[in-house]
Structure formats: structure tokens, C-alpha cells
>>> print(open('target.txt').read())   # compact mmCIF, C-alpha atoms
# COMPACT_ATOMS: atom_id res chain seq x y z
CA MET A 145 0.00 0.00 0.00
CA THR A 146 1.42 3.38 -0.97
CA ILE A 147 1.43 6.48 1.17
CA PRO A 148 -0.68 9.44 -0.04
CA GLU A 149 1.18 12.43 -1.45
CA PHE A 150 2.46 14.91 1.14
CA GLU A 151 4.94 17.75 1.49
CA LEU A 152 8.12 16.88 3.41
CA LEU A 153 9.53 19.86 5.30
CA ARG A 154 13.07 19.67 6.68
CA PRO A 155 13.78 22.45 9.19
CA ARG A 156 17.34 22.89 10.45
CA THR A 157 16.45 24.28 13.88
CA LEU A 158 13.83 23.71 16.54
CA GLY A 159 12.63 27.26 16.02
CA GLU A 160 11.95 26.58 12.36
CA ALA A 161 10.15 23.34 13.19
CA SER A 162 8.00 25.09 15.76
CA GLU A 163 7.08 27.83 13.29
CA LEU A 164 6.08 25.22 10.70
CA LEU A 165 3.86 23.48 13.24
CA LEU A 166 2.10 26.75 13.99
CA LYS A 167 1.79 27.65 10.33
CA HIS A 168 0.20 24.38 9.21
CA GLY A 169 -1.72 23.54 12.39
CA ASP A 170 -3.74 20.33 12.29
CA GLU A 171 -2.60 19.64 8.72
CA ALA A 172 0.96 18.92 9.89
CA ARG A 173 2.67 16.36 12.08
CA LEU A 174 6.24 15.89 13.23
CA LEU A 175 8.12 13.03 11.59
CA ALA A 176 10.72 11.46 13.89
CA GLY A 177 11.12 7.71 13.36
CA GLY A 178 7.84 7.37 11.48
CA THR A 179 7.19 3.80 12.61
CA THR A 180 3.60 4.64 13.59
CA LEU A 181 2.81 7.76 11.57
CA VAL A 182 3.81 6.31 8.19
CA ILE A 183 1.76 3.16 8.80
CA LEU A 184 -1.30 5.21 9.76
CA MET A 185 -0.96 7.24 6.58
CA LYS A 186 -0.48 4.15 4.42
CA GLN A 187 -3.61 2.64 5.93
CA ARG A 188 -5.49 5.92 5.35
CA THR A 189 -6.28 5.92 9.06
CA ALA A 190 -4.73 9.39 9.23
CA TYR A 191 -3.55 11.88 6.64
CA TYR A 192 -1.45 15.03 6.99
CA PRO A 193 -0.51 17.10 3.91
CA HIS A 194 2.66 18.35 5.63
CA LEU A 195 5.22 16.24 7.52
CA ILE A 196 7.94 18.07 9.44
CA ASP A 197 11.07 15.91 9.48
CA LEU A 198 13.21 16.35 12.61
CA GLN A 199 16.19 14.32 11.36
CA ALA A 200 18.11 17.40 10.15
CA ILE A 201 18.02 19.10 13.57
CA ALA A 202 21.29 18.39 15.39
CA GLY A 203 21.67 17.50 19.06
CA LEU A 204 18.43 15.64 19.74
CA ASP A 205 19.69 12.05 19.97
CA HIS A 206 21.96 12.22 23.02
CA ILE A 207 22.03 9.94 26.06
CA THR A 208 24.01 11.79 28.71
CA ALA A 209 24.74 11.29 32.40
CA ASP A 210 23.52 14.21 34.49
CA GLY A 211 24.88 13.73 37.99
CA GLY A 212 23.17 10.56 39.14
CA GLY A 213 20.44 10.99 36.55
CA ILE A 214 20.16 10.78 32.78
CA ARG A 215 19.20 13.10 29.93
CA ILE A 216 17.78 11.44 26.82
CA GLY A 217 17.26 13.34 23.59
CA ALA A 218 13.87 12.89 21.96
CA MET A 219 15.44 11.55 18.75
CA ALA A 220 17.36 8.80 20.57
CA THR A 221 16.11 5.41 19.46
CA PRO A 222 14.75 2.75 21.82
CA ARG A 223 17.58 0.53 20.59
CA ALA A 224 20.14 3.12 21.72
CA VAL A 225 18.48 3.28 25.14
CA GLU A 226 18.27 -0.50 25.36
CA CYS A 227 22.01 -0.85 24.67
CA SER A 228 23.27 2.19 26.61
CA PRO A 229 25.71 1.11 29.38
CA ILE A 230 24.73 4.14 31.47
CA ILE A 231 21.04 3.33 31.36
CA ARG A 232 21.53 -0.41 31.83
CA ASN A 233 23.57 0.34 34.94
CA ARG A 234 21.42 3.07 36.50
CA PHE A 235 17.91 2.35 35.22
CA PRO A 236 17.76 -1.28 34.03
CA ALA A 237 13.96 -1.29 33.88
CA LEU A 238 14.08 1.43 31.23
CA ALA A 239 16.57 -0.50 29.11
CA ASP A 240 14.37 -3.58 29.50
CA ALA A 241 11.18 -1.74 28.51
CA CYS A 242 12.81 -0.25 25.42
CA GLY A 243 14.10 -3.71 24.54
CA LYS A 244 10.54 -5.04 24.53
CA ILE A 245 9.24 -2.64 21.85
CA GLY A 246 8.25 -4.53 18.70
CA ASN A 247 11.34 -5.99 17.04
CA VAL A 248 14.90 -4.78 16.61
CA ARG A 249 14.14 -3.01 13.32
CA ILE A 250 11.40 -0.96 14.95
CA ARG A 251 13.58 -0.21 17.98
CA ALA A 252 16.39 1.01 15.71
CA THR A 253 14.05 3.33 13.78
CA ALA A 254 11.52 4.64 16.30
CA THR A 255 12.37 7.44 18.71
CA VAL A 256 11.90 7.93 22.43
CA GLY A 257 10.16 11.25 21.85
CA GLY A 258 7.80 9.81 19.29
CA ASN A 259 6.96 6.91 21.59
CA LEU A 260 6.04 9.26 24.42
CA ALA A 261 4.24 11.89 22.35
CA HIS A 262 2.10 9.30 20.55
CA ALA A 263 0.32 8.76 23.90
CA ASP A 264 -1.00 5.29 23.18
CA TYR A 265 -2.16 3.48 26.32
CA ARG A 266 -0.29 0.28 25.36
CA LEU A 267 3.30 1.49 25.03
CA ASP A 268 6.17 -0.07 27.03
CA PRO A 269 8.46 2.81 28.17
CA PRO A 270 5.91 5.30 29.64
CA PRO A 271 5.18 3.40 32.88
CA VAL A 272 8.91 3.14 33.56
CA PHE A 273 9.37 6.87 33.00
CA LEU A 274 6.47 7.39 35.44
CA ILE A 275 8.06 5.43 38.30
CA LEU A 276 11.38 7.20 37.63
CA ARG A 277 9.63 10.59 37.90
CA ALA A 278 10.97 11.76 34.58
CA GLU A 279 10.49 15.31 33.36
CA LEU A 280 9.92 16.25 29.73
CA VAL A 281 11.42 19.33 28.11
CA LEU A 282 9.02 20.94 25.63
CA ALA A 283 10.41 23.56 23.24
CA GLY A 284 7.86 26.11 22.05
CA PRO A 285 7.84 29.05 19.65
CA SER A 286 9.19 31.51 22.21
CA GLN A 287 10.38 29.49 25.20
CA SER A 288 10.88 26.03 26.65
CA ARG A 289 9.18 24.51 29.67
CA THR A 290 9.55 21.36 31.73
CA VAL A 291 6.59 19.13 32.51
CA PRO A 292 6.58 16.16 34.92
CA ILE A 293 5.61 13.08 32.94
CA LYS A 294 2.77 12.43 35.38
CA ASP A 295 1.16 15.63 34.08
CA PHE A 296 1.96 15.02 30.40
CA TYR A 297 -0.70 12.48 29.53
CA ARG A 298 -4.28 13.78 29.31
CA GLY A 299 -5.99 10.79 27.69
CA LEU A 300 -5.81 8.48 24.70
CA TYR A 301 -3.54 10.21 22.14
CA GLU A 302 -3.82 13.44 24.17
CA THR A 303 -0.88 15.20 25.84
CA ALA A 304 0.05 18.51 27.43
CA LEU A 305 1.81 19.68 24.25
CA GLU A 306 0.61 23.14 23.22
CA PRO A 307 0.45 24.36 19.58
CA GLY A 308 3.97 24.68 18.19
CA GLU A 309 5.60 22.74 21.04
CA ILE A 310 8.05 19.90 20.45
CA LEU A 311 9.22 17.27 22.95
CA VAL A 312 13.00 17.58 22.86
CA GLU A 313 14.39 15.82 25.95
CA VAL A 314 13.60 13.45 28.80
CA ARG A 315 15.29 14.10 32.14
CA ILE A 316 15.45 11.37 34.75
CA PRO A 317 16.55 12.34 38.27
CA THR A 318 18.80 10.28 40.51
CA ALA A 319 17.04 7.14 41.69
CA PRO A 320 16.52 6.68 45.45
CA THR A 321 19.56 5.09 47.07
CA GLY A 322 19.17 1.33 47.28
CA SER A 323 16.11 1.19 45.04
CA ARG A 324 15.48 -1.51 42.45
CA THR A 325 13.38 -1.19 39.31
CA LEU A 326 11.62 -3.71 37.10
CA TYR A 327 9.39 -3.77 34.04
CA LEU A 328 7.18 -6.75 33.24
CA LYS A 329 5.35 -7.05 29.93
CA PHE A 330 2.55 -9.51 29.33
CA SER A 331 1.74 -10.13 25.66
CA SER A 332 -1.33 -12.25 25.04
CA LEU A 333 -0.76 -12.60 21.27
CA SER A 334 2.96 -12.59 20.40
CA ALA A 335 6.21 -11.40 21.95
CA ASN A 336 6.54 -8.59 19.39
CA ASP A 337 3.00 -7.33 19.91
CA TRP A 338 1.67 -4.47 22.00
CA PRO A 339 1.44 -5.47 25.66
CA CYS A 340 -1.86 -6.70 27.00
CA LEU A 341 -0.51 -4.98 30.09
CA GLY A 342 2.78 -3.62 31.33
CA VAL A 343 3.81 -3.14 34.97
CA ALA A 344 6.72 -0.97 36.11
CA ALA A 345 7.80 -1.06 39.75
CA LEU A 346 10.36 0.65 41.95
CA LEU A 347 11.02 -0.86 45.37
CA ARG A 348 13.30 0.31 48.14
CA LEU A 349 13.78 -1.93 51.16
CA SER A 350 15.16 -1.35 54.62
CA GLY A 351 16.04 -4.78 55.88
CA ASN A 352 12.99 -6.89 55.12
CA ARG A 353 10.56 -3.96 55.18
CA CYS A 354 9.39 -1.53 52.52
CA ASP A 355 10.83 1.95 52.48
CA GLU A 356 9.18 3.01 49.23
CA LEU A 357 7.07 1.50 46.47
CA ARG A 358 6.12 3.03 43.14
CA LEU A 359 3.92 1.32 40.56
CA ALA A 360 2.81 2.34 37.08
CA VAL A 361 0.89 0.43 34.43
CA SER A 362 0.15 0.54 30.73
CA GLY A 363 -2.68 -1.13 28.84
CA LEU A 364 -5.00 -0.82 31.85
CA ALA A 365 -6.43 2.67 31.41
CA MET A 366 -6.90 5.31 28.69
CA LYS A 367 -3.36 6.49 29.42
CA PRO A 368 -0.23 5.22 31.19
CA LEU A 369 -1.11 5.37 34.86
CA LEU A 370 0.95 6.04 38.00
CA ILE A 371 -0.71 4.29 40.93
CA GLN A 372 -1.47 6.62 43.83
CA GLY A 373 -1.85 5.96 47.55
CA LEU A 374 1.00 3.52 48.15
CA GLU A 375 2.58 5.44 51.03
CA PHE A 376 1.01 3.03 53.54
CA VAL A 377 3.56 0.33 52.63
CA ARG A 378 6.36 2.19 54.44
CA ASN A 379 7.81 0.06 57.27
CA GLU A 380 5.61 -2.88 56.28
CA ALA A 381 6.92 -6.37 55.58
CA ILE A 382 6.01 -7.79 52.17
CA THR A 383 3.38 -10.34 53.06
CA ASP A 384 0.54 -11.90 51.10
CA SER A 385 -1.93 -9.64 52.88
CA LEU A 386 0.09 -6.53 51.96
CA LEU A 387 0.21 -7.63 48.33
CA ASP A 388 -3.54 -8.18 48.40
CA GLU A 389 -4.06 -4.63 49.66
CA ILE A 390 -1.73 -3.21 47.00
CA THR A 391 -3.57 -5.04 44.22
CA ARG A 392 -6.90 -3.84 45.64
CA ILE A 393 -5.68 -0.24 45.29
CA VAL A 394 -4.46 -0.90 41.75
CA ASP A 395 -7.80 -2.47 40.85
CA GLN A 396 -9.65 0.64 42.07
CA GLN A 397 -7.58 2.97 39.89
CA ILE A 398 -7.42 1.14 36.57
CA SER A 399 -10.11 1.21 33.87
CA PRO A 400 -9.08 -1.55 31.46
CA ILE A 401 -10.06 -1.26 27.82
CA THR A 402 -11.37 -4.38 26.14
CA ASP A 403 -9.40 -4.88 22.94
CA LEU A 404 -7.89 -7.64 20.81
CA ARG A 405 -5.42 -8.44 23.58
CA GLY A 406 -7.90 -9.06 26.36
CA SER A 407 -11.21 -8.24 27.95
CA GLU A 408 -11.63 -5.86 30.87
CA TRP A 409 -12.08 -8.82 33.22
CA TYR A 410 -9.00 -10.63 31.89
CA LYS A 411 -6.79 -7.55 32.18
CA ARG A 412 -7.90 -6.98 35.77
CA GLU A 413 -7.00 -10.55 36.64
CA MET A 414 -3.62 -10.28 34.93
CA ALA A 415 -2.94 -6.95 36.67
CA ARG A 416 -3.26 -8.66 40.05
CA VAL A 417 -0.89 -11.41 38.96
CA PHE A 418 1.77 -9.17 37.46
CA VAL A 419 1.74 -6.50 40.18
CA LYS A 420 2.37 -9.17 42.80
CA ARG A 421 5.00 -10.82 40.60
CA ALA A 422 6.87 -7.55 40.06
CA ILE A 423 7.02 -6.80 43.79
CA ARG A 424 8.10 -10.33 44.70
CA GLU A 425 10.84 -10.32 42.05
CA LEU A 426 12.18 -6.98 43.30
CA GLU A 427 12.05 -8.27 46.88
CA LYS A 428 14.26 -11.18 45.81
CA GLY A 429 16.80 -8.74 44.41
CA ARG A 430 16.21 -8.90 40.68
>>> encode(input="target.txt", output="C-alpha cells")
Amino acid sequence: MTIPEFELLRPRTLGEASELLLKHGDEARLLAGGTTLVILMKQRTAYYPHLIDLQAIAGLDHITADGGGIRIGAMATPRAVECSPIIRNRFPALADACGKIGNVRIRATATVGGNLAHADYRLDPPPVFLILRAELVLAGPSQSRTVPIKDFYRGLYETALEPGEILVEVRIPTAPTGSRTLYLKFSSLSANDWPCLGVAALLRLSGNRCDELRLAVSGLAMKPLLIQGLEFVRNEAITDSLLDEITRIVDQQISPITDLRGSEWYKREMARVFVKRAIRELEKGR
């Protein structure tokens, strides 16, 4: 299937790209890796007369240590994140999540910024960015601003991006001392498919008791979701009853969408299984 005719615009600076977005409005989209956008246009699911290619803009594909944290350029590929020694050492769950996107060809072509800005509820990296409390740098026509990722997603395919704004960088702060992170993906169709659900967890222990727990999920709501109200686990031992209470809280906050990968009931059941599994695996030191 061929792609409909369109105008390819190749700005050299972020300012030029932002101006083009404002000029063409809803008739334009940014082209980063194109792994989703091009398919949508080929399928005639979406059509934009103007595509603004970001490949010619320098300095957007970096992966840089920032103190104990990391800065990731929006044009960095998931494959680069997956293979980055810095990320694998400091934030292994992020490397793991990026390594679970589609297949290696997709991971080498897609971009981190495109993955986040697409705002699909089934994506792998967003829940990991949520538990890591990442911040997103958005460059606009006149200034840049930083938005916590927990405030970035508004709904299915909806984000906090304003007209003319471009996601240019992801900033991850230093992880809590002694914390462990994990991402679990459950695919009900094939390993390369979208997740039926994804669970990201951060656990910090003091002896055999919880110091901190963060959980985020994908595939279980209209947007990637950071679970709230987990402060009660502090100073608690990880017992079956505690895990039951945690999964009860998760169950209250998710609104699973029935799709090809599972019904609402099935996803709720799998959420209980995988939330408990993630916490137990982190407790064991994975």
C-alpha cells in the first residue's frame, strides 16, 4: 500500500520546526522515526498534507549522564536506550522496557520522543518513566518549559503539548539510594506485539521492610497510569496480605479497555498477577 502524497519539510532548527507546526496547524505532524505515523498514513487511518522531518536538527539524539540521573534526547532510538551502558547500569527497567518494543528493526528506527508523544495506552516505556519521575522538556515558539511526565498524559492520544511545542528531551533524576526497578510485559498474542498490560515497579527496602514502592501500568487505562496511595507500605513487611491490599488499590484505579489483547475482566485478573509478581521479584533482588 502506498502512502498518499504529502509535502516533506526539513527544518534545520527547533525554532523553524515550531514555526512550521504553527503555520500548518492540524494539517501537519512531526516526523521522527515514522514507525507509527507512516503506517497510519499508508492505511489511510490518518492523513497530513505536511510532515515536518526532525532528522536534520542536530543535538536531539543524546544519552548523557547528568549527575546521578540521565538526559535522553527525543530523537534517541529505543535501541540506543536499550544498549546504553549508562542506562543499563542506572535504570535497568528502562533498558528492559525499550528492549521489549516490537522488534529490533522498529527499535532502531523509532524514537523515544515519538513513543512518548504518541500517547497510546499500550506502550512499554511510559510506565517506567512514570516510576522514575521523569520530566519532559518541551520547546515552544518563544520558550521552553519542563513538565513532569505524570502531568503530560491527558488521555488516549492526548498530551500537554501546546500548539507549536516539540518534545526535545527526557530528564530522569537520581534514583533513590538502594532502590530496584523492574518492568514486566505480558503479551497475550505474540512477543513482538503491544502489551496486554505492562507493569513498572520501583522498590526500596530497609532490611525486610518496605521503604518506598512506586507502581505504574500501561494497557490498563486510557493512558499510562501512576498508581497513587501507596505510602502506607512504608515500614511494612512484604506479606501476602500486603500484596492483596496493594492489588486492591491498583484495581480501584485502573479502567481496562477491552481490545484484541484481552477483555476488561481478563486484564484486571492479569494486573493482580503481574503486580504481585513484580514486587516479589524486586524483593528477591532482581
>>> closest_residue(input="target.txt", among="A:Pro271, A:Gly257, A:Pro155, A:Pro307", to="A:Pro368", atoms="all atoms listed in the file")
A:Pro271
>>> residues_around(input="target.txt", residues="A:Val419", least_positions_apart="5", cutoff="10 Å", atoms="all atoms listed in the file", output="list in words")
Leu328, Gly342, Val343, Ala344, Ala345, Leu359, Ala360, Val361, Leu387, Asp388, Ile390, Thr391, Val394, Met414 and Arg424 of chain A
>>> residues_around(input="target.txt", residues="stretch 230-235 of chain A", least_positions_apart="3", cutoff="10 Å", atoms="only C-alpha atoms", output="list of chain:residue names")
A:Ile207, A:Thr208, A:Ala209, A:Gly212, A:Gly213, A:Ile214, A:Ile216, A:Ala224, A:Val225, A:Glu226, A:Cys227, A:Leu238, A:Ala239, A:Asp240, A:Val272, A:Phe273, A:Leu276, A:Ile316, A:Thr318, A:Ala319, A:Arg324, A:Thr325, A:Leu326
>>> closest_residue(input="target.txt", among="A:Met219, A:Ala252, A:Met185, A:Ala190", to="A:Val314", atoms="all atoms listed in the file")
A:Met219
>>> residues_around(input="target.txt", residues="A:Pro270", least_positions_apart="6", cutoff="12 Å", atoms="all atoms listed in the file", output="ChimeraX atom specification")
/A:237-238,241-242,245,256-264,276-280,293-294,296-297,314,327,342-344,359-363,367-370
>>> atom_distance(input="target.txt", atom1="atom CA of A:Leu300", atom2="atom CA of A:Ser399")
12.5 Å
>>> residues_around(input="target.txt", residues="A:Asp337", least_positions_apart="2", cutoff="10 Å", atoms="all atoms listed in the file", output="list in words")
Lys244, Ile245, Gly246, Asn247, Arg266, Phe330, Ser331, Ser332, Leu333, Ser334, Ala335, Pro339, Cys340 and Arg405 of chain A
>>> write_last_selection(input="target.txt", atoms="C-alpha atoms", output="short mmCIF file (atom, residue, chain, number, x, y, z; two decimals), in the frame of the given file")
data_model
loop_
_atom_site.label_atom_id
_atom_site.label_comp_id
_atom_site.auth_asym_id
_atom_site.auth_seq_id
_atom_site.Cartn_x
_atom_site.Cartn_y
_atom_site.Cartn_z
CA LYS A 244 10.54 -5.04 24.53
CA ILE A 245 9.24 -2.64 21.85
CA GLY A 246 8.25 -4.53 18.70
CA ASN A 247 11.34 -5.99 17.04
CA ARG A 266 -0.29 0.28 25.36
CA PHE A 330 2.55 -9.51 29.33
CA SER A 331 1.74 -10.13 25.66
CA SER A 332 -1.33 -12.25 25.04
CA LEU A 333 -0.76 -12.60 21.27
CA SER A 334 2.96 -12.59 20.40
CA ALA A 335 6.21 -11.40 21.95
CA PRO A 339 1.44 -5.47 25.66
CA CYS A 340 -1.86 -6.70 27.00
CA ARG A 405 -5.42 -8.44 23.58
#
>>> atom_distance(input="target.txt", atom1="atom CA of A:Leu274", atom2="atom CA of A:Leu346")
10.1 Å
>>> closest_residue(input="target.txt", among="A:Tyr410, A:Phe376, A:Tyr192, A:Tyr265", to="A:Trp338", atoms="only C-alpha atoms")
A:Tyr265
>>> residues_around(input="target.txt", residues="A:Arg289", least_positions_apart="2", cutoff="12 Å", atoms="only C-alpha atoms", output="ChimeraX atom specification")
/A:279-287,291-292,296,304-306,309-314
>>> closest_residue(input="target.txt", among="A:Thr157, A:Lys420, A:Ala365, A:Ala415", to="A:Ile401", atoms="only C-alpha atoms")
A:Ala365
>>> atom_distance(input="target.txt", atom1="atom CA of A:Leu152", atom2="atom CA of A:Arg223")
25.5 Å
>>> closest_residue(input="target.txt", among="A:Glu380, A:Glu160, A:Asp268, A:Glu408", to="A:Arg348", atoms="all atoms listed in the file")
A:Glu380
>>> closest_residue(input="target.txt", among="A:Ala220, A:Leu158, A:Ala381, A:Ile183", to="A:Glu427", atoms="all atoms listed in the file")
A:Ala381
